[in-house]
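The next block is structure.cif, given as mmCIF, C-alpha atoms.
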data_coords
#
loop_
_atom_site.label_atom_id
_atom_site.label_comp_id
_atom_site.auth_asym_id
_atom_site.auth_seq_id
_atom_site.Cartn_x
_atom_site.Cartn_y
_atom_site.Cartn_z
CA MET X 1 19.04 -64.43 27.59
CA HIS X 2 19.01 -66.68 24.56
CA ARG X 3 17.66 -64.90 21.49
CA SER X 4 16.80 -66.11 18.04
CA LEU X 5 15.44 -64.03 15.16
CA THR X 6 14.43 -65.41 11.79
CA ILE X 7 13.05 -63.29 8.95
CA SER X 8 12.36 -65.63 6.08
CA ALA X 9 10.08 -66.46 3.16
CA ALA X 10 9.98 -70.09 4.30
CA PRO X 11 6.78 -71.40 5.92
CA ILE X 12 6.75 -71.44 9.73
CA ASP X 13 6.94 -75.00 11.08
CA GLU X 14 5.46 -74.66 14.55
CA ALA X 15 6.05 -78.31 15.49
CA ASP X 16 9.77 -78.04 14.63
CA LEU X 17 10.07 -74.81 16.61
CA VAL X 18 8.40 -76.25 19.69
CA ALA X 19 10.52 -79.41 19.46
CA ALA X 20 13.69 -77.28 19.34
CA ARG X 21 12.92 -75.52 22.63
CA ALA X 22 15.77 -75.82 25.12
CA SER X 23 14.36 -77.12 28.40
CA SER X 24 15.35 -76.02 31.88
CA THR X 25 14.09 -76.94 35.34
CA THR X 26 14.29 -73.30 36.48
CA MET X 27 11.94 -71.99 33.79
CA GLY X 28 8.29 -72.60 34.61
CA ALA X 29 6.62 -70.90 31.66
CA ALA X 30 6.90 -71.17 27.88
CA VAL X 31 4.40 -68.95 26.10
CA TYR X 32 4.15 -68.79 22.34
CA PHE X 33 1.98 -66.84 19.94
CA SER X 34 1.20 -67.71 16.38
CA GLY X 35 -0.13 -64.95 14.11
CA ILE X 36 -2.27 -66.30 11.26
CA VAL X 37 -3.22 -64.47 8.07
CA ARG X 38 -6.99 -63.97 7.97
CA GLY X 39 -9.01 -64.48 4.80
CA SER X 40 -10.31 -60.92 4.80
CA GLU X 41 -8.99 -57.40 5.14
CA ASP X 42 -11.30 -54.43 5.66
CA ALA X 43 -14.28 -56.75 5.08
CA GLN X 44 -12.96 -57.79 1.64
CA PRO X 45 -11.87 -61.36 0.92
CA ILE X 46 -8.15 -61.83 0.34
CA SER X 47 -6.09 -64.81 -0.73
CA ALA X 48 -2.87 -63.74 0.97
CA LEU X 49 -0.80 -60.95 2.43
CA GLU X 50 2.47 -59.92 0.83
CA TYR X 51 5.01 -58.82 3.44
CA GLU X 52 7.84 -56.43 2.62
CA CYS X 53 10.72 -55.84 5.01
CA PHE X 54 13.55 -53.30 5.27
CA ARG X 55 15.71 -56.10 6.58
CA PRO X 56 18.81 -54.39 8.07
CA MET X 57 16.64 -51.94 9.99
CA ALA X 58 14.11 -54.63 10.97
CA GLU X 59 16.89 -56.81 12.42
CA HIS X 60 18.37 -53.83 14.26
CA GLN X 61 15.01 -52.78 15.70
CA PHE X 62 14.14 -56.36 16.73
CA HIS X 63 17.44 -56.65 18.63
CA ARG X 64 16.79 -53.32 20.33
CA LEU X 65 13.45 -54.70 21.48
CA PHE X 66 15.14 -57.89 22.69
CA ASP X 67 17.61 -55.74 24.67
CA GLU X 68 14.74 -53.89 26.33
CA LEU X 69 12.85 -57.13 26.94
CA GLU X 70 15.86 -58.44 28.82
CA CYS X 71 15.94 -55.32 31.01
CA ARG X 72 12.22 -55.47 31.82
CA TRP X 73 11.70 -59.17 32.61
CA PRO X 74 13.83 -62.14 33.75
CA ILE X 75 13.50 -63.88 30.41
CA ALA X 76 15.54 -67.02 29.65
CA SER X 77 14.79 -67.16 25.95
CA VAL X 78 13.06 -65.27 23.15
CA ARG X 79 12.56 -66.71 19.70
CA LEU X 80 10.80 -64.83 16.92
CA VAL X 81 10.07 -65.84 13.34
CA HIS X 82 8.51 -63.41 10.85
CA ARG X 83 7.67 -64.41 7.32
CA ILE X 84 8.16 -62.13 4.35
CA GLY X 85 6.89 -62.45 0.80
CA VAL X 86 3.48 -63.93 0.04
CA VAL X 87 1.78 -65.63 3.01
CA LYS X 88 -1.51 -67.32 2.14
CA ALA X 89 -4.63 -66.89 4.25
CA GLY X 90 -4.61 -69.52 6.97
CA GLU X 91 -0.82 -69.67 7.17
CA ALA X 92 1.28 -68.28 10.02
CA SER X 93 3.09 -65.02 9.36
CA LEU X 94 4.52 -64.61 12.87
CA TRP X 95 5.66 -66.90 15.67
CA VAL X 96 6.96 -65.60 19.00
CA GLU X 97 8.03 -67.61 22.03
CA ILE X 98 9.09 -66.42 25.46
CA VAL X 99 10.52 -68.72 28.14
CA ALA X 100 10.58 -67.30 31.66
CA PRO X 101 10.43 -68.45 35.27
CA HIS X 102 6.71 -67.64 35.66
CA ARG X 103 3.68 -67.25 33.39
CA GLY X 104 3.03 -63.62 34.36
CA GLU X 105 6.28 -62.31 32.94
CA ALA X 106 6.13 -64.70 29.97
CA PHE X 107 2.65 -63.50 28.89
CA ALA X 108 3.49 -59.84 29.58
CA ALA X 109 6.77 -60.00 27.67
CA CYS X 110 5.19 -61.76 24.68
CA GLN X 111 2.37 -59.20 24.49
CA TRP X 112 4.78 -56.28 24.85
CA LEU X 113 7.16 -57.59 22.19
CA ILE X 114 4.38 -58.00 19.61
CA ASP X 115 2.90 -54.57 20.39
CA GLU X 116 6.31 -52.89 20.06
CA MET X 117 7.12 -54.82 16.90
CA LYS X 118 3.94 -53.42 15.32
CA ARG X 119 5.11 -49.93 16.28
CA VAL X 120 8.76 -49.84 15.25
CA VAL X 121 9.87 -52.77 13.07
CA PRO X 122 9.79 -51.80 9.37
CA ILE X 123 7.65 -54.54 7.91
CA TRP X 124 4.59 -53.82 5.78
CA LYS X 125 1.84 -55.96 4.36
CA LYS X 126 -0.21 -55.67 1.20
CA PRO X 127 -3.46 -57.62 0.82
CA LEU X 128 -3.69 -59.72 -2.33
CA PRO X 129 -7.30 -59.88 -3.50
CA GLY X 130 -9.02 -63.19 -4.11
CA GLN X 131 -10.84 -65.89 -2.27
CA PRO X 132 -8.95 -67.66 0.50
CA VAL X 133 -8.13 -71.28 -0.36
CA PRO X 134 -9.58 -73.61 2.30
CA ARG X 135 -6.88 -75.42 4.30
CA HIS X 136 -7.35 -78.96 5.59
CA MET U 1 26.12 -32.89 -0.46
CA GLN U 2 24.26 -35.81 -1.99
CA ILE U 3 21.67 -37.66 0.06
CA ARG U 4 20.22 -40.95 -1.13
CA VAL U 5 16.60 -41.62 -0.22
CA GLN U 6 14.83 -44.99 -0.24
CA PHE U 7 11.06 -45.37 -0.34
CA TRP U 8 9.30 -48.36 1.18
CA SER U 9 5.87 -49.96 0.96
CA TYR U 10 3.26 -47.92 -0.93
CA PHE U 11 5.52 -44.86 -0.88
CA LYS U 12 7.13 -46.49 -3.91
CA GLU U 13 3.77 -46.26 -5.71
CA LEU U 14 3.26 -42.67 -4.55
CA THR U 15 6.65 -41.57 -5.87
CA GLY U 16 6.89 -43.97 -8.82
CA CYS U 17 10.37 -45.05 -7.74
CA ALA U 18 12.18 -47.01 -5.04
CA GLN U 19 14.93 -44.47 -4.53
CA ALA U 20 15.98 -40.93 -5.32
CA THR U 21 18.95 -38.65 -4.77
CA GLU U 22 18.80 -35.05 -3.60
CA GLU U 23 21.56 -32.44 -3.58
CA LEU U 24 21.37 -30.43 -0.35
CA VAL U 25 23.49 -27.77 1.29
CA GLU U 26 25.72 -28.65 4.25
CA LYS U 27 23.87 -28.83 7.59
CA ALA U 28 20.54 -29.36 5.88
CA THR U 29 17.99 -31.16 8.05
CA ILE U 30 15.49 -33.87 7.35
CA ALA U 31 12.84 -31.11 7.28
CA ASP U 32 14.77 -29.49 4.41
CA LEU U 33 14.97 -32.81 2.61
CA LEU U 34 11.21 -33.40 3.06
CA GLN U 35 10.43 -29.98 1.66
CA ARG U 36 12.44 -30.85 -1.45
CA LEU U 37 10.85 -34.30 -1.75
CA HIS U 38 7.32 -32.95 -1.33
CA ALA U 39 7.92 -30.56 -4.22
CA ARG U 40 9.29 -33.37 -6.38
CA PHE U 41 6.75 -36.02 -5.33
CA PRO U 42 3.51 -34.16 -4.45
CA LYS U 43 1.66 -37.39 -3.60
CA LEU U 44 3.85 -37.70 -0.50
CA VAL U 45 2.38 -34.49 0.95
CA SER U 46 -0.88 -36.15 2.00
CA MET U 47 1.17 -38.64 4.06
CA GLN U 48 3.40 -36.09 5.76
CA ASN U 49 1.83 -36.44 9.22
CA SER U 50 2.30 -40.21 9.31
CA THR U 51 5.58 -40.50 7.41
CA LEU U 52 8.30 -42.33 9.36
CA ILE U 53 11.92 -41.44 8.68
CA ALA U 54 15.09 -43.37 9.30
CA VAL U 55 18.73 -42.57 8.70
CA GLY U 56 20.54 -45.86 8.27
CA VAL U 57 18.73 -48.21 10.66
CA GLU U 58 17.66 -45.62 13.27
CA TYR U 59 14.53 -43.49 13.40
CA GLN U 60 15.21 -39.75 13.27
CA GLY U 61 13.14 -36.60 13.69
CA ARG U 62 12.68 -33.68 11.31
CA ASP U 63 15.43 -31.68 13.04
CA TYR U 64 18.16 -34.27 12.39
CA VAL U 65 21.13 -32.63 10.64
CA LEU U 66 22.11 -34.66 7.60
CA LYS U 67 25.67 -35.63 6.75
CA ALA U 68 27.14 -36.53 3.37
CA GLY U 69 26.63 -40.22 2.76
CA ASP U 70 23.54 -40.54 4.94
CA GLU U 71 20.99 -42.99 3.58
CA VAL U 72 17.49 -41.83 4.40
CA SER U 73 14.43 -44.08 4.31
CA LEU U 74 10.85 -42.83 4.14
CA PHE U 75 7.92 -45.11 4.83
CA PRO U 76 4.35 -45.27 6.09
CA PRO U 77 3.42 -46.69 9.52
CA VAL U 78 4.72 -50.22 9.94
CA GLN U 79 2.39 -53.24 9.86
CA GLY U 80 4.29 -56.34 10.93
CA GLY U 81 2.64 -59.41 12.36
#

For the file at hand, write its structure as structure tokens.
Amino acid sequence: MHRSLTISAAPIDEADLVAARASSTTMGAAVYFSGIVRGSEDAQPISALEYECFRPMAEHQFHRLFDELECRWPIASVRLVHRIGVVKAGEASLWVEIVAPHRGEAFAACQWLIDEMKRVVPIWKKPLPGQPVPRH
Amino acid sequence: MQIRVQFWSYFKELTGCAQATEELVEKATIADLLQRLHARFPKLVSMQNSTLIAVGVEYQGRDYVLKAGDEVSLFPPVQGG
């Protein structure tokens, strides 16, 4: 299984990520999820979320999840990008892609990976108060 | 033995520091370390039921026996995504 993990303060370029996908005639499903920062948190307006990461442990825990993913489903590829630092409302903080033979396993694996990430990967977010800046 | 402790997320605000060092007896457990930390940083007590603990890059339970040189991390529930 091909795996790629990026934890970075750089903005997520979805078009570049999709363009970089390795194609294969045996893989019938490519599912990706983009997590966007909302302009409110607990009903209060926010301008951004500030993400903090315990990087060595986060990388280790992500790779453990990738190992388990590989055992559970016949996945050809997993790519995951998580931003750290300040991510403005409306911007992507997370991008996950699974490539698999069929859509069932691709959707299931993507959902499972995100759920598990939210349970074990040491990343935290702090809301930064303020009005979200409209994006065009 | 000396054990270095790192605090993450709002635990840094609760303790007023990013890291601390505790001197513990040999074969002390994480439970022993927590008892010491709760006395030193009382604001951590209210979080004790949801505190996550790692030694190095692995999660560990309260009964883990510490070794000299272990680096312990304490943090609240994670919130990635």

In Å, rounded to a single decimal, give me how far CA of Leu34 in chain U is from CA of Pro122 in chain X.
19.5 Å

Produce a table with one row for each residue of chain U that has an atom at most 9 Å from any atom of chain X, each row naming the nearest atom pair and its distance in Å at one decimal; use all atoms listed in the file; arrange rows by chain and rising residue number; format as JSON lines.
{"residue": "U:Trp8", "atom": "CA", "partner": "X:Phe54", "partner_atom": "CA", "distance": 7.7}
{"residue": "U:Ser9", "atom": "CA", "partner": "X:Trp124", "partner_atom": "CA", "distance": 6.3}
{"residue": "U:Tyr10", "atom": "CA", "partner": "X:Lys126", "partner_atom": "CA", "distance": 8.8}
{"residue": "U:Ala54", "atom": "CA", "partner": "X:Met57", "partner_atom": "CA", "distance": 8.7}
{"residue": "U:Gly56", "atom": "CA", "partner": "X:Met57", "partner_atom": "CA", "distance": 7.4}
{"residue": "U:Val57", "atom": "CA", "partner": "X:Met57", "partner_atom": "CA", "distance": 4.3}
{"residue": "U:Glu58", "atom": "CA", "partner": "X:Met57", "partner_atom": "CA", "distance": 7.2}
{"residue": "U:Tyr59", "atom": "CA", "partner": "X:Val120", "partner_atom": "CA", "distance": 8.8}
{"residue": "U:Phe75", "atom": "CA", "partner": "X:Pro122", "partner_atom": "CA", "distance": 8.3}
{"residue": "U:Pro76", "atom": "CA", "partner": "X:Trp124", "partner_atom": "CA", "distance": 8.6}
{"residue": "U:Pro77", "atom": "CA", "partner": "X:Arg119", "partner_atom": "CA", "distance": 7.7}
{"residue": "U:Val78", "atom": "CA", "partner": "X:Pro122", "partner_atom": "CA", "distance": 5.3}
{"residue": "U:Gln79", "atom": "CA", "partner": "X:Trp124", "partner_atom": "CA", "distance": 4.7}
{"residue": "U:Gly80", "atom": "CA", "partner": "X:Ile123", "partner_atom": "CA", "distance": 4.9}
{"residue": "U:Gly81", "atom": "CA", "partner": "X:Leu94", "partner_atom": "CA", "distance": 5.6}

Quick one: of U:Ala28, U:Met47, U:Ala39, U:Leu33, who's nearest to Lys67 in chain U, counting all atoms listed in the file?
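Smallest distance to Lys67 in chain U is found for U:Ala28.
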
Rounded to one decimal place, report the CA of Ala68 in chain U-CA of Thr21 in chain U distance in Å.
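Pair CA of Ala68 in chain U / CA of Thr21 in chain U returns 11.7 Å.
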
If the PyMOL selection byres ((chain U and resi 31) around 12) were run on this exact file, what residues would it hold? Put them as a PDB file with C-alpha atoms, in the coordinates of the input.
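Below is the file that was written, expr24.pdb:
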ATOM      1  CA  LEU U  24      21.370 -30.430  -0.350  1.00  0.00           C
ATOM      2  CA  LYS U  27      23.870 -28.830   7.590  1.00  0.00           C
ATOM      3  CA  ALA U  28      20.540 -29.360   5.880  1.00  0.00           C
ATOM      4  CA  THR U  29      17.990 -31.160   8.050  1.00  0.00           C
ATOM      5  CA  ILE U  30      15.490 -33.870   7.350  1.00  0.00           C
ATOM      6  CA  ASP U  32      14.770 -29.490   4.410  1.00  0.00           C
ATOM      7  CA  LEU U  33      14.970 -32.810   2.610  1.00  0.00           C
ATOM      8  CA  LEU U  34      11.210 -33.400   3.060  1.00  0.00           C
ATOM      9  CA  GLN U  35      10.430 -29.980   1.660  1.00  0.00           C
ATOM     10  CA  ARG U  36      12.440 -30.850  -1.450  1.00  0.00           C
ATOM     11  CA  LEU U  37      10.850 -34.300  -1.750  1.00  0.00           C
ATOM     12  CA  HIS U  38       7.320 -32.950  -1.330  1.00  0.00           C
ATOM     13  CA  GLN U  48       3.400 -36.090   5.760  1.00  0.00           C
ATOM     14  CA  THR U  51       5.580 -40.500   7.410  1.00  0.00           C
ATOM     15  CA  ILE U  53      11.920 -41.440   8.680  1.00  0.00           C
ATOM     16  CA  GLN U  60      15.210 -39.750  13.270  1.00  0.00           C
ATOM     17  CA  GLY U  61      13.140 -36.600  13.690  1.00  0.00           C
ATOM     18  CA  ARG U  62      12.680 -33.680  11.310  1.00  0.00           C
ATOM     19  CA  ASP U  63      15.430 -31.680  13.040  1.00  0.00           C
ATOM     20  CA  TYR U  64      18.160 -34.270  12.390  1.00  0.00           C
ATOM     21  CA  VAL U  65      21.130 -32.630  10.640  1.00  0.00           C
ATOM     22  CA  LEU U  66      22.110 -34.660   7.600  1.00  0.00           C
TER      23      LEU U  66
END

Would you mind reading off the distance between CA of His102 in chain X and CA of Gly28 in chain X, one decimal, in Å?
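Computing it gives 5.3 Å between the two atoms.
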
Using all atoms of range 96-111 of chain X that appear in the file, construct an axis-aligned enclosing box with 4 Å of padding on every side and provide its centre coordinates and edge lengths in Å, rounded to one decimal, as lines of an AutoDock Vina configuration file.
center_x = 6.5
center_y = -64.0
center_z = 27.3
size_x = 16.2
size_y = 17.5
size_z = 24.7

Which residue of X:Ile75, X:Ala9, X:Ala109, X:Ile46 approaches Pro132 in chain X most closely, using all atoms listed in the file:
X:Ile46

The PyMOL selection byres ((chain U and resi 22) around 6) applied to the shown file, residues as a PDB file with C-alpha atoms, keeping the file's coordinate frame:
ATOM      1  CA  GLN U   2      24.260 -35.810  -1.990  1.00  0.00           C
ATOM      2  CA  ILE U   3      21.670 -37.660   0.060  1.00  0.00           C
ATOM      3  CA  THR U  21      18.950 -38.650  -4.770  1.00  0.00           C
ATOM      4  CA  GLU U  23      21.560 -32.440  -3.580  1.00  0.00           C
TER       5      GLU U  23
END

Compare X:Arg38, X:Lys88, X:His63, X:Arg79 by their minimum atom-to-atom distance to Cys110 in chain X, counting all atoms listed in the file, and give me the closest one.
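The answer is X:Arg79, which sits nearest to Cys110 in chain X.
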
Using all atoms listed in the file, pick whichever of X:Ala106, X:Gly85, X:Val99, X:Leu69 has the shortest atom-to-atom distance to Thr26 in chain X.
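Ranking X:Ala106, X:Gly85, X:Val99, X:Leu69 by distance to Thr26 in chain X, first place goes to X:Val99.
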
Which residues would end up in the selection if the PyMOL selection byres ((chain X and resi 29) around 12) were applied here, given that I need the answer as a list of chain:residue names?
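Against this file, the PyMOL selection byres ((chain X and resi 29) around 12) returns the residues X:Arg21, X:Ser23, X:Ser24, X:Thr25, X:Thr26, X:Met27, X:Gly28, X:Ala30, X:Val31, X:Tyr32, X:Pro74, X:Ile75, X:Ala76, X:Ser77, X:Glu97, X:Ile98, X:Val99, X:Ala100, X:Pro101, X:His102, X:Arg103, X:Gly104, X:Glu105, X:Ala106, X:Phe107, X:Ala108, X:Ala109, X:Cys110.
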
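Closest approach to Val78 in chain X among X:Leu49, X:Ala22, X:Val96, X:Leu65 is made by X:Val96 (distances from all atoms listed in the file).
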
Given the choices X:Ser47, X:Asp16, X:Ser8, X:Glu41, which gets closest to Glu91 in chain X if the distance is worked out from only C-alpha atoms?
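Between X:Ser47, X:Asp16, X:Ser8, X:Glu41, the residue approaching Glu91 in chain X most closely is X:Ser47.
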
Residues within 9 Å of Thr15 in chain U, please, as a list in words. Count only C-alpha atoms; anything in the same chain fewer than 6 positions from it doesn't count.
Phe7, Arg40, Phe41, Pro42, Lys43 and Leu44 of chain U

Output range 90-118 of chain X from the block with N, CA and C atoms, as a PDB file, in the first residue's frame?
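Result written to out23.pdb:
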ATOM      1  N   GLY X  90     -12.896  28.683   6.566  1.00  0.00           N
ATOM      2  CA  GLY X  90     -13.079  28.522   5.126  1.00  0.00           C
ATOM      3  C   GLY X  90     -11.935  27.778   4.453  1.00  0.00           C
ATOM      4  N   GLU X  91     -10.809  27.642   5.152  1.00  0.00           N
ATOM      5  CA  GLU X  91      -9.677  26.912   4.576  1.00  0.00           C
ATOM      6  C   GLU X  91      -9.705  25.454   5.037  1.00  0.00           C
ATOM      7  N   ALA X  92      -9.049  24.597   4.257  1.00  0.00           N
ATOM      8  CA  ALA X  92      -8.992  23.174   4.606  1.00  0.00           C
ATOM      9  C   ALA X  92      -7.921  22.941   5.663  1.00  0.00           C
ATOM     10  N   SER X  93      -8.289  22.163   6.675  1.00  0.00           N
ATOM     11  CA  SER X  93      -7.315  21.777   7.696  1.00  0.00           C
ATOM     12  C   SER X  93      -6.884  20.322   7.519  1.00  0.00           C
ATOM     13  N   LEU X  94      -7.691  19.565   6.781  1.00  0.00           N
ATOM     14  CA  LEU X  94      -7.432  18.123   6.634  1.00  0.00           C
ATOM     15  C   LEU X  94      -7.821  17.677   5.231  1.00  0.00           C
ATOM     16  N   TRP X  95      -7.002  16.802   4.662  1.00  0.00           N
ATOM     17  CA  TRP X  95      -7.327  16.196   3.369  1.00  0.00           C
ATOM     18  C   TRP X  95      -6.899  14.732   3.448  1.00  0.00           C
ATOM     19  N   VAL X  96      -7.834  13.851   3.138  1.00  0.00           N
ATOM     20  CA  VAL X  96      -7.559  12.402   3.205  1.00  0.00           C
ATOM     21  C   VAL X  96      -8.047  11.762   1.909  1.00  0.00           C
ATOM     22  N   GLU X  97      -7.227  10.917   1.337  1.00  0.00           N
ATOM     23  CA  GLU X  97      -7.634  10.204   0.121  1.00  0.00           C
ATOM     24  C   GLU X  97      -7.329   8.709   0.269  1.00  0.00           C
ATOM     25  N   ILE X  98      -8.294   7.910  -0.131  1.00  0.00           N
ATOM     26  CA  ILE X  98      -8.120   6.461  -0.164  1.00  0.00           C
ATOM     27  C   ILE X  98      -8.383   5.983  -1.589  1.00  0.00           C
ATOM     28  N   VAL X  99      -7.492   5.151  -2.099  1.00  0.00           N
ATOM     29  CA  VAL X  99      -7.700   4.520  -3.413  1.00  0.00           C
ATOM     30  C   VAL X  99      -7.792   3.020  -3.179  1.00  0.00           C
ATOM     31  N   ALA X 100      -8.876   2.430  -3.686  1.00  0.00           N
ATOM     32  CA  ALA X 100      -9.145   1.009  -3.427  1.00  0.00           C
ATOM     33  C   ALA X 100      -9.851   0.410  -4.645  1.00  0.00           C
ATOM     34  N   PRO X 101      -9.973  -0.909  -4.678  1.00  0.00           N
ATOM     35  CA  PRO X 101     -10.638  -1.523  -5.832  1.00  0.00           C
ATOM     36  C   PRO X 101     -12.105  -1.110  -5.974  1.00  0.00           C
ATOM     37  N   HIS X 102     -12.815  -0.963  -4.852  1.00  0.00           N
ATOM     38  CA  HIS X 102     -14.251  -0.682  -4.903  1.00  0.00           C
ATOM     39  C   HIS X 102     -14.623   0.443  -3.942  1.00  0.00           C
ATOM     40  N   ARG X 103     -15.772   1.099  -4.226  1.00  0.00           N
ATOM     41  CA  ARG X 103     -16.153   2.266  -3.422  1.00  0.00           C
ATOM     42  C   ARG X 103     -16.462   1.906  -1.975  1.00  0.00           C
ATOM     43  N   GLY X 104     -17.008   0.706  -1.736  1.00  0.00           N
ATOM     44  CA  GLY X 104     -17.398   0.335  -0.378  1.00  0.00           C
ATOM     45  C   GLY X 104     -16.221   0.403   0.574  1.00  0.00           C
ATOM     46  N   GLU X 105     -15.131  -0.263   0.184  1.00  0.00           N
ATOM     47  CA  GLU X 105     -13.961  -0.257   1.070  1.00  0.00           C
ATOM     48  C   GLU X 105     -13.301   1.130   1.122  1.00  0.00           C
ATOM     49  N   ALA X 106     -13.372   1.870   0.010  1.00  0.00           N
ATOM     50  CA  ALA X 106     -12.743   3.201   0.002  1.00  0.00           C
ATOM     51  C   ALA X 106     -13.473   4.144   0.966  1.00  0.00           C
ATOM     52  N   PHE X 107     -14.822   4.160   0.900  1.00  0.00           N
ATOM     53  CA  PHE X 107     -15.584   5.014   1.818  1.00  0.00           C
ATOM     54  C   PHE X 107     -15.381   4.563   3.265  1.00  0.00           C
ATOM     55  N   ALA X 108     -15.473   3.241   3.491  1.00  0.00           N
ATOM     56  CA  ALA X 108     -15.356   2.723   4.864  1.00  0.00           C
ATOM     57  C   ALA X 108     -13.984   3.044   5.452  1.00  0.00           C
ATOM     58  N   ALA X 109     -12.946   2.856   4.652  1.00  0.00           N
ATOM     59  CA  ALA X 109     -11.585   3.096   5.144  1.00  0.00           C
ATOM     60  C   ALA X 109     -11.363   4.577   5.440  1.00  0.00           C
ATOM     61  N   CYS X 110     -11.886   5.439   4.587  1.00  0.00           N
ATOM     62  CA  CYS X 110     -11.716   6.885   4.779  1.00  0.00           C
ATOM     63  C   CYS X 110     -12.413   7.322   6.071  1.00  0.00           C
ATOM     64  N   GLN X 111     -13.650   6.848   6.249  1.00  0.00           N
ATOM     65  CA  GLN X 111     -14.411   7.191   7.465  1.00  0.00           C
ATOM     66  C   GLN X 111     -13.693   6.683   8.719  1.00  0.00           C
ATOM     67  N   TRP X 112     -13.238   5.436   8.649  1.00  0.00           N
ATOM     68  CA  TRP X 112     -12.560   4.833   9.808  1.00  0.00           C
ATOM     69  C   TRP X 112     -11.287   5.599  10.161  1.00  0.00           C
ATOM     70  N   LEU X 113     -10.507   5.934   9.144  1.00  0.00           N
ATOM     71  CA  LEU X 113      -9.233   6.622   9.389  1.00  0.00           C
ATOM     72  C   LEU X 113      -9.469   7.971  10.073  1.00  0.00           C
ATOM     73  N   ILE X 114     -10.462   8.714   9.625  1.00  0.00           N
ATOM     74  CA  ILE X 114     -10.721  10.031  10.217  1.00  0.00           C
ATOM     75  C   ILE X 114     -11.238   9.861  11.656  1.00  0.00           C
ATOM     76  N   ASP X 115     -12.132   8.905  11.862  1.00  0.00           N
ATOM     77  CA  ASP X 115     -12.636   8.659  13.220  1.00  0.00           C
ATOM     78  C   ASP X 115     -11.499   8.290  14.175  1.00  0.00           C
ATOM     79  N   GLU X 116     -10.625   7.406  13.736  1.00  0.00           N
ATOM     80  CA  GLU X 116      -9.512   6.966  14.592  1.00  0.00           C
ATOM     81  C   GLU X 116      -8.500   8.093  14.823  1.00  0.00           C
ATOM     82  N   MET X 117      -8.272   8.873  13.774  1.00  0.00           N
ATOM     83  CA  MET X 117      -7.372  10.020  13.926  1.00  0.00           C
ATOM     84  C   MET X 117      -7.861  10.925  15.052  1.00  0.00           C
ATOM     85  N   LYS X 118      -9.179  11.173  15.072  1.00  0.00           N
ATOM     86  CA  LYS X 118      -9.753  12.064  16.090  1.00  0.00           C
ATOM     87  C   LYS X 118      -9.703  11.446  17.489  1.00  0.00           C
TER      88      LYS X 118
END
